[in-house]
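Let me begin by presenting the structure, written as structure tokens, before commenting on it.
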Amino acid sequence: MGEKLFIHGYEAVGRGALNAGCLHFFGYPITPQNEITEFFARELPQRGGRFVQTESELSSASMVFGAATTGVRAMTSTASPGWGLMQEILSHISFCELPCVVVNVQRGGPGQGTTRHAQTDYLSATRGGGQGGYKSIVLAPSSVQECHDLMQLGFYLADKHRILTVILADGILIQIAESINTDVLKFDPLPPKDWALKGIGNKGGRFDWHHSTRGLIPPVYKTIIEQIHAKYNKIIETEVRFKSYQADDAELILVAYGYVARCAEEAVNMARSQGLKVGLIRPITLWPFPYNILKEKATQGAKFLVVEDSMGQMVEDVMLGVEDKSLISFLGMSSRHDIGELGMIFPETILEEVKKII
Amino acid sequence: MNNNLNAVKKELIYAPSQYRLGAQSPACPGCGSPLACNIIMDSLEEMGIIENSIVVIGVGCTGMGFFGTKVDMTFCAHGPAPSVAAGIKQGNYDKSIVFTIQGDGDCAAIGAGYLVNSAVRGDKITIIMCNNTTYGTTGGQMAPTSLIGQKTTTTPEGRIGAKHGYPLHVPEMIAPMKGVAYSARGSVHNFASYQRTKKYVKKAFQKQIDGVGLGFVEILTACPVNWHMTPVEAMKWIEDEMILEYPLGEFKNVDSIE
């Protein structure tokens with residue numbers, strides 16, 4: 001059993017990674033996630049791990065790439081502009097099927113945007129943000145506890161499927177403090193990383209050059225792409241995760257993730273206390289997205305209200321799930337309480353919108 | 001007669017290295033990069049570190065020779081080979097010998113930032129950069145290393161310094177940096193230069209084995225196809241033109257960094 005601690009989201013990310021056995025972190029300063037980088041700078045040397053402050057997010061991603069080829073659990077953390085910069089390398093990581101974890105603490109975009117929270121990288125994260133058409137498993141924590149637990153799940157899924165796992169957090173989740181259990185989670189056994197680069201003398205003379213030269217030599221590009229996409233289909237079938245809250249009898253279902261899901265949950269409580277049949281479906285895996293549960297609820301007659309702190313990104317996935325079976329409304333960044341970068345979508349605002357629809 | 005022949009004691013005087021796959025070289029006739037590959041592979045084998053080595057191949061023709069070798073390798077994006085190598089070094093807790101093979105475009109243009117910061121950190125890796133004054137794979141465009149007056153597909157009238165920039169001297173540039181343990185420039189256009197370059201490469205690897213700091217060797221290599229020359233003309237051009245701009249020799253060689 002781990003300790004019960006009252007800690008910030010950034011420390012939960014760090015402790016979750018340590019509990020997953022991650023001893024390699026490469027990072028570059030960017031707001032609002034600097035405390036994650038500083039956590040690893042402080043903690044890893046004491047544990048025999050390796051921390052490098054790099055010269056850019058491109059370099060961070062490249063070092064994660066390098067470390068991942070050796071079979072160790074490696075990660076980096078960044079915020080939106082750094083996420084954009086990393087895409088070339090993350091795309092290559094996906095082509096090479098290297099398991100690793102990247103935390104993206106979303107801040108308001110596009111461009112340099114703001115240094116404060118937002119949810120404007122959803123499409124970039126879930127569609128494969130870089131060139132070439134690929135997928136990453138995208139996990140969305142909605143509490144400090146989940147920041148801790150999804151780091152462990154993220155490393156497990158990365159190793160299980162040889163894939164990049166993205167933890168898509170936001171500036172609020174990382175900066176708030178909550179009481180959590182720091183238990184080490186148990187997962188099924190993983191296959192050995194017999195492909196890791198260790199030097200041929202350290203693995204019986206076998207050499208590995210398939211990581212990335214494959215596709216050029218031997219020329220089997222089409223086979224590789226088909227294999228990777230067969231893997232994606234398997235993940236879609238087996239790894240969908242979501243949480244339902246008061247959704248069983250709900251006439252209106254809110255769909256939200258991250259910090260906004262916390263506001264949405266509060267809005268559900270307020271609505272229920274007024275006798276309104278409102279529920280919440282919160283995707284934990286943004287890719288693969290829980291289309292089926294939305295389709296099921298739509299078929300049963302529920303309406304939907306998508307709440308996200310962007311001008312409308314996840315709403316596209318909800319439309320794919322619901323199709324034309326029911327009504328979908330959207331509440332986004334325009335409903336923030338303040339015109340400045342500190343604006344948020346409050347539960348009261350969501351409740352007002354609920355009353356208009358229901 | 002046959003019996004007599006069989007009685008002769010057979011002595012092996014030459015065999016291909018067990019670390020070569022015998023694959024056909026993908027290089028064009030007269031290309032210098034397979035020679036650089038030979039120097040590196042022979043050095044690793046003679047130093048007894050080849051089975052503990054991992055090569056990071058940059059983007060370009062330069063590293064293609066390694067596709068025919070039996071050594072752990074990865075092939076990275078355009079430019080970040082030094083960072084990937086540093087990540088591998090950290091991942092294997094400094095136990096591996098890690099080196100990059102890069103072209104001048106990969107290392108000195110798109111990868112210049114990675115190279116400089118690897119030197120800032122003093123990464124215990126080895127970087128081998130082949131300089132053929134052009135982008136070979138993409139068809140002969142201007143590189144940071146192109147000579148003044150050199151005609152390329154993007155400087156059809158010849159490179160003009162004031163307009164296109166000036167040749168970049170990479171080993172001289174990083175030699176004064178504290179984290180650099182070794183920096184040198186060799187060539188493979190004749191046998192004497194080849195042998196001297198091999199000594200440079202071995203010294204650069206020795207700095208990594210000794211944990212001193214970054215080792216860097218630039219190797220002048222011919223690209224007859226994009227220079228529009230015969231292989232023999234290309235060797236002569238290196239001797240008569242390239243070496244005037246890019247002098248051969250060692251620019252840094254320290255045994256410890258305080």
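Just so we're on the same page: first chain in the structure tokens is A, next is B, and so on; residues restart at 1 for each chain, and ligands are numbered from 1 in the order they show up.
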
Strand (DSSP E or B) positions in region 81-288 of chain A, given as JSON, numbers by chain: {"A": [100, 101, 102, 103, 104, 105, 106, 107, 117, 137, 138, 139, 164, 165, 166, 167, 168, 169, 170, 177, 178, 179, 180, 181, 242, 243, 244, 245, 252, 253, 254, 255, 278, 279, 280, 281, 282, 283, 285, 286, 287]}

Include C-alpha atoms and write out the residues we just selected as a JSON list (two decimals), in the first residue's frame.
```
[["chain", "number", "residue", "atom", "x", "y", "z"],
["A", 100, "CYS", "CA", 7.10, 5.61, -24.17],
["A", 101, "VAL", "CA", 4.96, 8.22, -22.46],
["A", 102, "VAL", "CA", 4.52, 11.92, -23.20],
["A", 103, "VAL", "CA", 2.57, 14.20, -20.86],
["A", 104, "ASN", "CA", 0.96, 17.20, -22.57],
["A", 105, "VAL", "CA", -0.32, 19.75, -20.07],
["A", 106, "GLN", "CA", -2.63, 21.67, -22.37],
["A", 107, "ARG", "CA", -2.59, 25.44, -22.38],
["A", 117, "HIS", "CA", -5.24, 25.98, -18.98],
["A", 137, "ILE", "CA", -3.20, 5.96, -26.90],
["A", 138, "VAL", "CA", -4.48, 9.17, -25.27],
["A", 139, "LEU", "CA", -5.39, 9.08, -21.57],
["A", 164, "LEU", "CA", 3.28, 6.01, -27.60],
["A", 165, "THR", "CA", 0.91, 6.87, -24.76],
["A", 166, "VAL", "CA", -0.07, 10.51, -24.36],
["A", 167, "ILE", "CA", -1.33, 11.78, -21.01],
["A", 168, "LEU", "CA", -3.51, 14.73, -22.03],
["A", 169, "ALA", "CA", -3.83, 16.89, -18.92],
["A", 170, "ASP", "CA", -4.45, 20.60, -18.53],
["A", 177, "ALA", "CA", -3.81, 19.68, -4.93],
["A", 178, "GLU", "CA", -5.96, 16.78, -3.74],
["A", 179, "SER", "CA", -5.70, 13.87, -1.36],
["A", 180, "ILE", "CA", -4.68, 10.64, -3.15],
["A", 181, "ASN", "CA", -3.51, 7.06, -2.59],
["A", 242, "PHE", "CA", -14.68, 5.68, -19.72],
["A", 243, "LYS", "CA", -16.59, 6.53, -16.53],
["A", 244, "SER", "CA", -20.36, 6.93, -16.33],
["A", 245, "TYR", "CA", -21.91, 9.10, -13.63],
["A", 252, "LEU", "CA", -29.42, 14.49, -21.04],
["A", 253, "ILE", "CA", -25.84, 13.23, -20.92],
["A", 254, "LEU", "CA", -22.91, 15.59, -20.53],
["A", 255, "VAL", "CA", -19.71, 14.50, -22.28],
["A", 278, "VAL", "CA", -28.81, 14.56, -16.13],
["A", 279, "GLY", "CA", -25.74, 12.30, -16.27],
["A", 280, "LEU", "CA", -22.11, 12.38, -17.35],
["A", 281, "ILE", "CA", -20.01, 10.16, -19.58],
["A", 282, "ARG", "CA", -16.36, 10.93, -19.16],
["A", 283, "PRO", "CA", -13.95, 9.38, -21.68],
["A", 285, "THR", "CA", -9.24, 7.05, -23.30],
["A", 286, "LEU", "CA", -9.69, 9.88, -25.80],
["A", 287, "TRP", "CA", -8.17, 7.48, -28.31]]
```

List as JSON lines every residue of chain A that is in contact with chain B, defined as an atom at most 6 Å from one of its atoms (using only C-alpha atoms), together with the nearest atom pair and the distance in Å rounded to one decimal, sorted by chain and then rising number.
```
{"residue": "A:Ser59", "atom": "CA", "partner": "B:Ser83", "partner_atom": "CA", "distance": 5.8}
{"residue": "A:Ser62", "atom": "CA", "partner": "B:Val84", "partner_atom": "CA", "distance": 5.0}
{"residue": "A:Met63", "atom": "CA", "partner": "B:Gly87", "partner_atom": "CA", "distance": 4.0}
{"residue": "A:Gly66", "atom": "CA", "partner": "B:Gly87", "partner_atom": "CA", "distance": 4.3}
{"residue": "A:Ala67", "atom": "CA", "partner": "B:Gly91", "partner_atom": "CA", "distance": 4.3}
{"residue": "A:Thr70", "atom": "CA", "partner": "B:Gly91", "partner_atom": "CA", "distance": 5.7}
{"residue": "A:Leu197", "atom": "CA", "partner": "B:Asp72", "partner_atom": "CA", "distance": 6.0}
{"residue": "A:Gly199", "atom": "CA", "partner": "B:Asn52", "partner_atom": "CA", "distance": 4.2}
{"residue": "A:Ile200", "atom": "CA", "partner": "B:Glu51", "partner_atom": "CA", "distance": 4.9}
{"residue": "A:Gly201", "atom": "CA", "partner": "B:Glu51", "partner_atom": "CA", "distance": 4.4}
{"residue": "A:Phe207", "atom": "CA", "partner": "B:Asp72", "partner_atom": "CA", "distance": 5.1}
{"residue": "A:Asp208", "atom": "CA", "partner": "B:Asp72", "partner_atom": "CA", "distance": 5.1}
{"residue": "A:Trp209", "atom": "CA", "partner": "B:Met73", "partner_atom": "CA", "distance": 5.0}
{"residue": "A:Ser212", "atom": "CA", "partner": "B:Phe75", "partner_atom": "CA", "distance": 5.3}
{"residue": "A:Thr213", "atom": "CA", "partner": "B:Phe75", "partner_atom": "CA", "distance": 5.7}
```

Tell me, as a list in words, which residues lie within 12 Å of Ala271 (chain A), counting only C-alpha atoms; anything in the same chain fewer than 3 positions away does not count.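 Residues near the query, excluding close chain neighbours: Gln246, Ala250, Glu251, Leu252, Ile253, Leu254, Ala264, Glu265, Glu266, Ala267, Val268, Gln274, Gly275, Leu276, Lys277, Val278, Gly279, Leu280, Pro347, Glu348, Thr349, Ile350, Leu351, Glu352, Glu353, Val354, Lys355 and Ile358 of chain A.
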
Hey, what's within 10 Å of Cys147 (chain A) if we count only C-alpha atoms and toss same-chain stuff fewer than 2 positions away? As JSON, numbers by chain, please? {"A": [8, 9, 10, 11, 12, 13, 14, 15, 16, 17, 103, 139, 140, 141, 142, 143, 144, 145, 149, 150, 151, 152, 167, 168, 169, 173, 174, 180]}

Using only C-alpha atoms, which protein or nucleic acid residues come within 10 Å of Gly60 (chain B)? Drop anything in the same chain fewer than 3 positions from it, and give the result as a count of residues only. 14

Would you list, as JSON, numbers by chain, the residues of region 135-356 of chain A that end up in helix (DSSP H, G or I) under DSSP run on this structure's backbone? {"A": [144, 145, 146, 147, 148, 149, 150, 151, 152, 153, 154, 155, 156, 157, 158, 159, 160, 161, 171, 172, 173, 174, 175, 200, 201, 202, 210, 211, 212, 213, 221, 222, 223, 224, 225, 226, 227, 228, 229, 230, 231, 232, 233, 234, 235, 236, 237, 238, 258, 259, 260, 261, 262, 263, 264, 265, 266, 267, 268, 269, 270, 271, 272, 273, 291, 292, 293, 294, 295, 296, 297, 298, 299, 314, 315, 316, 317, 318, 319, 320, 321, 322, 333, 334, 335, 347, 348, 349, 350, 351, 352, 353, 354, 355, 356]}
